[in-house]
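**Student:** Before I ask anything, here is the structure I am working with.
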Amino acid sequence: MDQFVGGGTTLIEAKLLNRNIIGIDVNPMALQRCKEKCSFQHNSDSKVYIKSGDARDLNYIPDMSIDFICTHPPYADIIKYSIDIEADISHLNEKDFLLAITQVAKESFRVLKKHKYCAVLMGDIRKKGHVVPLGFQVMQKFQSAGFVLKEIIIKEQHNCKSTATWKSQSQAHNFLLLAHEYLFVFEKDDSMNEIDNPPAMLGRIE
Ligand SMILES: C[S@@+](CC[C@H](N)C(=O)[O-])C[C@H]1O[C@@H](n2cnc3c(N)ncnc32)[C@H](O)[C@@H]1O
């Protein structure tokens, strides 16, 4: 499931991997683009469901019915994905965005099967010259919903559409460019909340 499906990258990959997927978005233009992009011929019998909906309320999806979540929410109001769609959380300031994400995390936890994974791509933002650690704030909302953190994968980000603008800004105002995003991989594993990891399981490369 991808409940912020946008341009449909996850739908295409799921189809190529012969997996069933449901992609959800509040923006009809994004959903139309998804339909067009997924209409390619491929030797697979995977089913691609594309649905208009709000990631905060997935009431049409039963509890513990999803095998994997891979999704990419907006980064608060840093890039707006629509002009006037009320349910679009890319219009929310940091505080309200985190409230919305709390609901998204709860719904993700509810619909995911036990011991399965939820991967969320998220980045930090900069406001008035200072870093807002939105990535870790979102991570904490998913942990509070009951998820256990399995991995943090760093995705380097170079040569984006806005890099040139930010580069000149960073030189003028003395700050570093944010050049990475996090892929948080959460597990729905209630038992981990009760176990203290013995040192041999800490998994750090020394
Ligand atoms: C970062 S983009 C996703 C990009 C996607 N990974 C791709 O490959 O194109 C975020 C998406 O979230 C959608 N969105 C915003 N608020 C939403 C909500 N409440 N429920 C579902 N989708 C929402 C936006 O319309 C936008 O398409």
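Order determines the names: the first chain of the structure tokens is A, the second B, and so forth; residues in each chain are numbered 1 upward, and ligands are numbered 1 upward as they are shown.
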Can you pull out every residue within 12 Å of Asp67 in chain A, counting only C-alpha atoms, but drop anything in the same chain fewer than 6 positions away, and send it as a PDB file with all heavy atoms, in the first residue's frame?
**Tutor:**
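Output contents, as saved in around.pdb:
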```pdb
ATOM      1  N   MET A   1       0.837  -1.190   0.000  1.00  0.00           N
ATOM      2  CA  MET A   1       0.000   0.000   0.000  1.00  0.00           C
ATOM      3  C   MET A   1       0.879   1.249   0.000  1.00  0.00           C
ATOM      4  O   MET A   1       1.898   1.295   0.686  1.00  0.00           O
ATOM      5  CB  MET A   1      -0.880   0.006   1.268  1.00  0.00           C
ATOM      6  CG  MET A   1      -1.812   1.211   1.354  1.00  0.00           C
ATOM      7  SD  MET A   1      -2.793   1.227   2.870  1.00  0.00           S
ATOM      8  CE  MET A   1      -1.644   1.971   4.020  1.00  0.00           C
ATOM      9  N   ASP A   2       0.472   2.215  -0.792  1.00  0.00           N
ATOM     10  CA  ASP A   2       1.098   3.545  -0.730  1.00  0.00           C
ATOM     11  C   ASP A   2      -0.030   4.563  -0.611  1.00  0.00           C
ATOM     12  O   ASP A   2      -0.765   4.810  -1.575  1.00  0.00           O
ATOM     13  CB  ASP A   2       1.943   3.801  -1.991  1.00  0.00           C
ATOM     14  CG  ASP A   2       2.642   5.154  -1.947  1.00  0.00           C
ATOM     15  OD1 ASP A   2       2.379   5.930  -1.003  1.00  0.00           O
ATOM     16  OD2 ASP A   2       3.436   5.436  -2.858  1.00  0.00           O
ATOM     17  N   ARG A  19       3.398  -7.755  -7.794  1.00  0.00           N
ATOM     18  CA  ARG A  19       2.701  -7.669  -6.501  1.00  0.00           C
ATOM     19  C   ARG A  19       1.417  -6.879  -6.656  1.00  0.00           C
ATOM     20  O   ARG A  19       1.341  -5.973  -7.475  1.00  0.00           O
ATOM     21  CB  ARG A  19       3.577  -6.934  -5.471  1.00  0.00           C
ATOM     22  CG  ARG A  19       4.747  -7.751  -5.026  1.00  0.00           C
ATOM     23  CD  ARG A  19       5.764  -6.868  -4.338  1.00  0.00           C
ATOM     24  NE  ARG A  19       6.962  -7.641  -4.061  1.00  0.00           N
ATOM     25  CZ  ARG A  19       7.272  -8.131  -2.874  1.00  0.00           C
ATOM     26  NH1 ARG A  19       6.503  -7.903  -1.845  1.00  0.00           N
ATOM     27  NH2 ARG A  19       8.367  -8.839  -2.702  1.00  0.00           N
ATOM     28  N   ASN A  20       0.449  -7.193  -5.834  1.00  0.00           N
ATOM     29  CA  ASN A  20      -0.771  -6.387  -5.790  1.00  0.00           C
ATOM     30  C   ASN A  20      -0.485  -5.128  -4.984  1.00  0.00           C
ATOM     31  O   ASN A  20       0.259  -5.174  -4.012  1.00  0.00           O
ATOM     32  CB  ASN A  20      -1.908  -7.160  -5.120  1.00  0.00           C
ATOM     33  CG  ASN A  20      -2.247  -8.420  -5.880  1.00  0.00           C
ATOM     34  OD1 ASN A  20      -2.043  -8.491  -7.083  1.00  0.00           O
ATOM     35  ND2 ASN A  20      -2.760  -9.398  -5.170  1.00  0.00           N
ATOM     36  N   ILE A  21      -1.106  -4.020  -5.375  1.00  0.00           N
ATOM     37  CA  ILE A  21      -0.878  -2.766  -4.636  1.00  0.00           C
ATOM     38  C   ILE A  21      -2.126  -1.898  -4.668  1.00  0.00           C
ATOM     39  O   ILE A  21      -2.893  -1.908  -5.643  1.00  0.00           O
ATOM     40  CB  ILE A  21       0.348  -1.992  -5.200  1.00  0.00           C
ATOM     41  CG1 ILE A  21       0.615  -0.713  -4.366  1.00  0.00           C
ATOM     42  CG2 ILE A  21       0.187  -1.648  -6.677  1.00  0.00           C
ATOM     43  CD1 ILE A  21       2.001  -0.106  -4.554  1.00  0.00           C
ATOM     44  N   ILE A  22      -2.305  -1.163  -3.563  1.00  0.00           N
ATOM     45  CA  ILE A  22      -3.324  -0.110  -3.554  1.00  0.00           C
ATOM     46  C   ILE A  22      -2.603   1.231  -3.366  1.00  0.00           C
ATOM     47  O   ILE A  22      -1.791   1.382  -2.453  1.00  0.00           O
ATOM     48  CB  ILE A  22      -4.408  -0.345  -2.472  1.00  0.00           C
ATOM     49  CG1 ILE A  22      -5.358   0.854  -2.422  1.00  0.00           C
ATOM     50  CG2 ILE A  22      -3.837  -0.655  -1.091  1.00  0.00           C
ATOM     51  CD1 ILE A  22      -6.665   0.583  -1.715  1.00  0.00           C
ATOM     52  N   SER A 108      -1.754   3.403   9.620  1.00  0.00           N
ATOM     53  CA  SER A 108      -0.765   2.473   9.048  1.00  0.00           C
ATOM     54  C   SER A 108      -0.614   1.269   9.972  1.00  0.00           C
ATOM     55  O   SER A 108      -0.589   0.122   9.521  1.00  0.00           O
ATOM     56  CB  SER A 108       0.596   3.163   8.883  1.00  0.00           C
ATOM     57  OG  SER A 108       0.471   4.294   8.070  1.00  0.00           O
ATOM     58  N   PHE A 109      -0.520   1.540  11.273  1.00  0.00           N
ATOM     59  CA  PHE A 109      -0.348   0.461  12.251  1.00  0.00           C
ATOM     60  C   PHE A 109      -1.572  -0.459  12.259  1.00  0.00           C
ATOM     61  O   PHE A 109      -1.450  -1.683  12.313  1.00  0.00           O
ATOM     62  CB  PHE A 109      -0.130   1.061  13.646  1.00  0.00           C
ATOM     63  CG  PHE A 109       0.367   0.058  14.649  1.00  0.00           C
ATOM     64  CD1 PHE A 109       1.708  -0.277  14.731  1.00  0.00           C
ATOM     65  CD2 PHE A 109      -0.521  -0.579  15.513  1.00  0.00           C
ATOM     66  CE1 PHE A 109       2.164  -1.217  15.645  1.00  0.00           C
ATOM     67  CE2 PHE A 109      -0.072  -1.517  16.428  1.00  0.00           C
ATOM     68  CZ  PHE A 109       1.276  -1.834  16.495  1.00  0.00           C
ATOM     69  N   ARG A 110      -2.737   0.130  12.147  1.00  0.00           N
ATOM     70  CA  ARG A 110      -3.978  -0.654  12.193  1.00  0.00           C
ATOM     71  C   ARG A 110      -4.090  -1.607  10.994  1.00  0.00           C
ATOM     72  O   ARG A 110      -4.415  -2.778  11.149  1.00  0.00           O
ATOM     73  CB  ARG A 110      -5.195   0.293  12.210  1.00  0.00           C
ATOM     74  CG  ARG A 110      -6.539  -0.436  12.224  1.00  0.00           C
ATOM     75  CD  ARG A 110      -7.713   0.528  12.166  1.00  0.00           C
ATOM     76  NE  ARG A 110      -7.858   1.237  10.905  1.00  0.00           N
ATOM     77  CZ  ARG A 110      -8.307   0.705   9.774  1.00  0.00           C
ATOM     78  NH1 ARG A 110      -8.671  -0.559   9.733  1.00  0.00           N
ATOM     79  NH2 ARG A 110      -8.405   1.431   8.667  1.00  0.00           N
ATOM     80  N   VAL A 111      -3.806  -1.093   9.779  1.00  0.00           N
ATOM     81  CA  VAL A 111      -4.073  -1.908   8.585  1.00  0.00           C
ATOM     82  C   VAL A 111      -2.966  -2.933   8.289  1.00  0.00           C
ATOM     83  O   VAL A 111      -3.202  -3.900   7.578  1.00  0.00           O
ATOM     84  CB  VAL A 111      -4.320  -1.031   7.317  1.00  0.00           C
ATOM     85  CG1 VAL A 111      -5.518  -0.132   7.527  1.00  0.00           C
ATOM     86  CG2 VAL A 111      -3.088  -0.245   6.916  1.00  0.00           C
ATOM     87  N   LEU A 112      -1.767  -2.696   8.853  1.00  0.00           N
ATOM     88  CA  LEU A 112      -0.637  -3.590   8.553  1.00  0.00           C
ATOM     89  C   LEU A 112      -0.762  -4.904   9.336  1.00  0.00           C
ATOM     90  O   LEU A 112      -1.188  -4.910  10.491  1.00  0.00           O
ATOM     91  CB  LEU A 112       0.680  -2.887   8.920  1.00  0.00           C
ATOM     92  CG  LEU A 112       1.959  -3.508   8.388  1.00  0.00           C
ATOM     93  CD1 LEU A 112       2.034  -3.392   6.858  1.00  0.00           C
ATOM     94  CD2 LEU A 112       3.188  -2.823   8.996  1.00  0.00           C
ATOM     95  N   LYS A 113      -0.371  -6.012   8.663  1.00  0.00           N
ATOM     96  CA  LYS A 113      -0.346  -7.301   9.366  1.00  0.00           C
ATOM     97  C   LYS A 113       0.794  -7.290  10.386  1.00  0.00           C
ATOM     98  O   LYS A 113       1.791  -6.576  10.216  1.00  0.00           O
ATOM     99  CB  LYS A 113      -0.112  -8.436   8.365  1.00  0.00           C
ATOM    100  CG  LYS A 113      -1.269  -8.682   7.426  1.00  0.00           C
ATOM    101  CD  LYS A 113      -0.936  -9.831   6.481  1.00  0.00           C
ATOM    102  CE  LYS A 113      -2.008  -9.973   5.424  1.00  0.00           C
ATOM    103  NZ  LYS A 113      -1.615 -10.899   4.346  1.00  0.00           N
ATOM    104  N   LYS A 114       0.668  -8.121  11.402  1.00  0.00           N
ATOM    105  CA  LYS A 114       1.706  -8.248  12.428  1.00  0.00           C
ATOM    106  C   LYS A 114       3.017  -8.739  11.819  1.00  0.00           C
ATOM    107  O   LYS A 114       2.993  -9.570  10.910  1.00  0.00           O
ATOM    108  CB  LYS A 114       1.246  -9.230  13.499  1.00  0.00           C
ATOM    109  CG  LYS A 114       0.985  -8.559  14.822  1.00  0.00           C
ATOM    110  CD  LYS A 114       0.661  -9.541  15.894  1.00  0.00           C
ATOM    111  CE  LYS A 114       0.830  -8.817  17.213  1.00  0.00           C
ATOM    112  NZ  LYS A 114       0.576  -9.653  18.352  1.00  0.00           N
ATOM    113  N   HIS A 115       4.139  -8.227  12.326  1.00  0.00           N
ATOM    114  CA  HIS A 115       5.494  -8.606  11.884  1.00  0.00           C
ATOM    115  C   HIS A 115       5.808  -8.166  10.453  1.00  0.00           C
ATOM    116  O   HIS A 115       6.760  -8.655   9.850  1.00  0.00           O
ATOM    117  CB  HIS A 115       5.735 -10.121  12.026  1.00  0.00           C
ATOM    118  CG  HIS A 115       5.509 -10.593  13.425  1.00  0.00           C
ATOM    119  ND1 HIS A 115       6.282 -10.166  14.486  1.00  0.00           N
ATOM    120  CD2 HIS A 115       4.563 -11.406  13.936  1.00  0.00           C
ATOM    121  CE1 HIS A 115       5.824 -10.702  15.594  1.00  0.00           C
ATOM    122  NE2 HIS A 115       4.778 -11.457  15.287  1.00  0.00           N
ATOM    123  N   LYS A 116       5.012  -7.258   9.896  1.00  0.00           N
ATOM    124  CA  LYS A 116       5.292  -6.753   8.545  1.00  0.00           C
ATOM    125  C   LYS A 116       5.902  -5.348   8.651  1.00  0.00           C
ATOM    126  O   LYS A 116       5.930  -4.747   9.719  1.00  0.00           O
ATOM    127  CB  LYS A 116       4.017  -6.735   7.710  1.00  0.00           C
ATOM    128  CG  LYS A 116       3.403  -8.111   7.509  1.00  0.00           C
ATOM    129  CD  LYS A 116       4.215  -8.967   6.560  1.00  0.00           C
ATOM    130  CE  LYS A 116       3.530 -10.294   6.289  1.00  0.00           C
ATOM    131  NZ  LYS A 116       4.280 -11.134   5.367  1.00  0.00           N
ATOM    132  N   TYR A 117       6.330  -4.819   7.502  1.00  0.00           N
ATOM    133  CA  TYR A 117       7.116  -3.593   7.492  1.00  0.00           C
ATOM    134  C   TYR A 117       6.383  -2.398   6.861  1.00  0.00           C
ATOM    135  O   TYR A 117       5.556  -2.573   5.967  1.00  0.00           O
ATOM    136  CB  TYR A 117       8.435  -3.812   6.737  1.00  0.00           C
ATOM    137  CG  TYR A 117       9.322  -4.810   7.417  1.00  0.00           C
ATOM    138  CD1 TYR A 117       9.410  -6.120   6.944  1.00  0.00           C
ATOM    139  CD2 TYR A 117      10.035  -4.469   8.561  1.00  0.00           C
ATOM    140  CE1 TYR A 117      10.206  -7.057   7.590  1.00  0.00           C
ATOM    141  CE2 TYR A 117      10.834  -5.397   9.212  1.00  0.00           C
ATOM    142  CZ  TYR A 117      10.914  -6.687   8.727  1.00  0.00           C
ATOM    143  OH  TYR A 117      11.695  -7.609   9.367  1.00  0.00           O
ATOM    144  N   CYS A 118       6.768  -1.240   7.356  1.00  0.00           N
ATOM    145  CA  CYS A 118       6.210   0.029   6.870  1.00  0.00           C
ATOM    146  C   CYS A 118       7.397   0.961   6.593  1.00  0.00           C
ATOM    147  O   CYS A 118       8.129   1.308   7.520  1.00  0.00           O
ATOM    148  CB  CYS A 118       5.300   0.606   7.961  1.00  0.00           C
ATOM    149  SG  CYS A 118       4.806   2.320   7.692  1.00  0.00           S
ATOM    150  N   ALA A 119       7.618   1.316   5.335  1.00  0.00           N
ATOM    151  CA  ALA A 119       8.753   2.168   4.958  1.00  0.00           C
ATOM    152  C   ALA A 119       8.249   3.568   4.616  1.00  0.00           C
ATOM    153  O   ALA A 119       7.329   3.719   3.806  1.00  0.00           O
ATOM    154  CB  ALA A 119       9.472   1.557   3.759  1.00  0.00           C
ATOM    155  N   GLU A 187       8.784  -1.798  11.889  1.00  0.00           N
ATOM    156  CA  GLU A 187       8.181  -3.129  11.938  1.00  0.00           C
ATOM    157  C   GLU A 187       7.022  -3.110  12.928  1.00  0.00           C
ATOM    158  O   GLU A 187       7.098  -2.453  13.976  1.00  0.00           O
ATOM    159  CB  GLU A 187       9.228  -4.154  12.389  1.00  0.00           C
ATOM    160  CG  GLU A 187       8.704  -5.579  12.322  1.00  0.00           C
ATOM    161  CD  GLU A 187       9.767  -6.615  12.678  1.00  0.00           C
ATOM    162  OE1 GLU A 187      10.923  -6.239  12.960  1.00  0.00           O
ATOM    163  OE2 GLU A 187       9.409  -7.803  12.684  1.00  0.00           O
ATOM    164  N   LYS A 188       5.957  -3.798  12.554  1.00  0.00           N
ATOM    165  CA  LYS A 188       4.842  -3.947  13.497  1.00  0.00           C
ATOM    166  C   LYS A 188       5.141  -5.182  14.333  1.00  0.00           C
ATOM    167  O   LYS A 188       4.797  -6.295  13.962  1.00  0.00           O
ATOM    168  CB  LYS A 188       3.521  -4.091  12.750  1.00  0.00           C
ATOM    169  CG  LYS A 188       2.315  -4.205  13.667  1.00  0.00           C
ATOM    170  CD  LYS A 188       1.029  -4.102  12.880  1.00  0.00           C
ATOM    171  CE  LYS A 188      -0.179  -4.339  13.749  1.00  0.00           C
ATOM    172  NZ  LYS A 188      -1.441  -4.125  13.052  1.00  0.00           N
TER     173      LYS A 188
END
```
**Student:** Name each residue within 10 Å of ligand 1, counting only C-alpha atoms and all ligand atoms, as an MDAnalysis selection string.
**Tutor:** chainID A and resid 2:12 23:31 33:34 51:58 70:76 79:82 85:92 97 100:101 103:104 120:122
**Student:** Keeping C-alpha atoms, export the residues of the selection given above as a CSV table (one decimal), in the first residue's frame.
**Tutor:**
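Wrote it out as out_23.csv, contents follow:
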```csv
chain,number,residue,atom,x,y,z
A,2,ASP,CA,1.1,3.5,-0.7
A,3,GLN,CA,-1.3,6.1,0.8
A,4,PHE,CA,0.6,9.1,-0.6
A,5,VAL,CA,1.0,7.6,-4.1
A,6,GLY,CA,1.6,10.9,-6.0
A,7,GLY,CA,3.1,10.2,-9.4
A,8,GLY,CA,2.8,6.4,-8.9
A,9,THR,CA,6.4,5.2,-8.6
A,10,THR,CA,5.5,2.5,-6.1
A,11,LEU,CA,2.6,1.3,-8.4
A,12,ILE,CA,5.0,0.8,-11.3
A,23,GLY,CA,-2.3,3.5,-4.2
A,24,ILE,CA,-4.2,6.3,-2.5
A,25,ASP,CA,-4.0,10.1,-3.0
A,26,VAL,CA,-6.2,13.2,-2.4
A,27,ASN,CA,-5.3,14.7,-5.7
A,28,PRO,CA,-7.4,13.6,-8.7
A,29,MET,CA,-4.6,14.8,-11.1
A,30,ALA,CA,-2.1,12.5,-9.4
A,31,LEU,CA,-4.5,9.6,-9.6
A,33,ARG,CA,-1.3,10.3,-13.9
A,34,CYS,CA,-1.1,7.0,-12.0
A,51,LYS,CA,-8.2,5.1,-5.0
A,52,SER,CA,-9.1,8.7,-4.1
A,53,GLY,CA,-8.8,9.0,-0.3
A,54,ASP,CA,-7.2,10.6,2.7
A,55,ALA,CA,-4.3,8.8,4.3
A,56,ARG,CA,-5.6,9.8,7.7
A,57,ASP,CA,-8.7,7.7,7.4
A,58,LEU,CA,-8.4,4.3,5.6
A,70,CYS,CA,5.9,2.0,1.2
A,71,THR,CA,5.1,5.7,1.2
A,72,HIS,CA,6.3,9.2,0.8
A,73,PRO,CA,4.3,12.0,2.5
A,74,PRO,CA,4.7,15.7,1.8
A,75,TYR,CA,7.3,17.5,4.0
A,76,ALA,CA,4.8,19.8,5.7
A,79,ILE,CA,6.2,21.8,-1.5
A,80,LYS,CA,2.5,22.3,-2.0
A,81,TYR,CA,0.9,19.6,-4.2
A,82,SER,CA,-2.4,21.3,-4.9
A,85,ILE,CA,-7.6,20.5,-1.9
A,86,GLU,CA,-8.6,20.8,1.7
A,87,ALA,CA,-7.4,17.3,2.8
A,88,ASP,CA,-4.0,17.9,1.2
A,89,ILE,CA,-1.6,17.9,4.2
A,90,SER,CA,1.0,19.8,2.1
A,91,HIS,CA,-0.9,22.9,3.2
A,92,LEU,CA,-0.3,22.3,6.9
A,97,PHE,CA,1.3,18.4,9.8
A,100,ALA,CA,-1.9,14.7,10.6
A,101,ILE,CA,1.1,12.3,10.6
A,103,GLN,CA,-3.3,9.9,12.4
A,104,VAL,CA,-1.5,8.5,9.4
A,120,VAL,CA,8.4,6.0,5.1
A,121,LEU,CA,10.5,8.4,3.1
A,122,MET,CA,10.9,11.7,4.9
```
**Student:** Quick one, how far is CA of Phe142 in chain A from CA of Phe186 in chain A?
**Tutor:**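 Value for the CA of Phe142 in chain A-CA of Phe186 in chain A distance: 7.8 Å.
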**Student:** Work out how far apart CA of Glu94 in chain A and CA of Ala145 in chain A are and give it in Å to one decimal.
**Tutor:**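 Answer for the CA of Glu94 in chain A to CA of Ala145 in chain A separation: 18.7 Å.
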**Student:** Using Å and a single decimal, report how far CA of Ile78 in chain A sits from CA of Gly129 in chain A.
**Tutor:** 13.7 Å
**Student:** Between A:Cys38, A:Ile83, A:Val185, A:Ile125, single out the one closest to Phe68 in chain A, counting only C-alpha atoms.
**Tutor:**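 Distance minimum relative to Phe68 in chain A lands on A:Val185.
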**Student:** Apply DSSP to the backbone of this structure and, from range 51-152 of chain A, keep only the residues in strand (DSSP E); write these as number ranges by chain.
**Tutor:** A: 51-52, 66-71, 112-122, 125-127, 130-132, 148-152
**Student:** Just list as a ChimeraX atom specification whatever in range 44-170 of chain A DSSP marks as alpha helix (DSSP H).
**Tutor:** /A:94-111,134-144,163-170
**Student:** Compile the contact shell of Gln157 in chain A as a PyMOL selection string: residues with an atom at most 12 Å away, counting only C-alpha atoms, same-chain residues fewer than 6 positions apart removed.
**Tutor:** chain A and resi 123+163+177-182
**Student:** Would you mind listing what lies within 7 Å of Asp124 in chain A as a list of chain:residue names, with only C-alpha atoms counted and same-chain residues fewer than 6 positions away left out?
**Tutor:** A:Val132, A:Pro133, A:Leu134, A:Gly135
**Student:** Taking into account only C-alpha atoms, which residue in the set A:Met64, A:Leu183, A:Met139, A:Leu17 is nearest to Asp45 in chain A?
**Tutor:** A:Leu17
**Student:** May I ask which of the residues A:Asn93, A:His130, A:Ile50, A:Gln32 is the closest one to Phe175 in chain A, counting only C-alpha atoms?
**Tutor:**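 Using only C-alpha atoms, Phe175 in chain A sits closest to A:His130.
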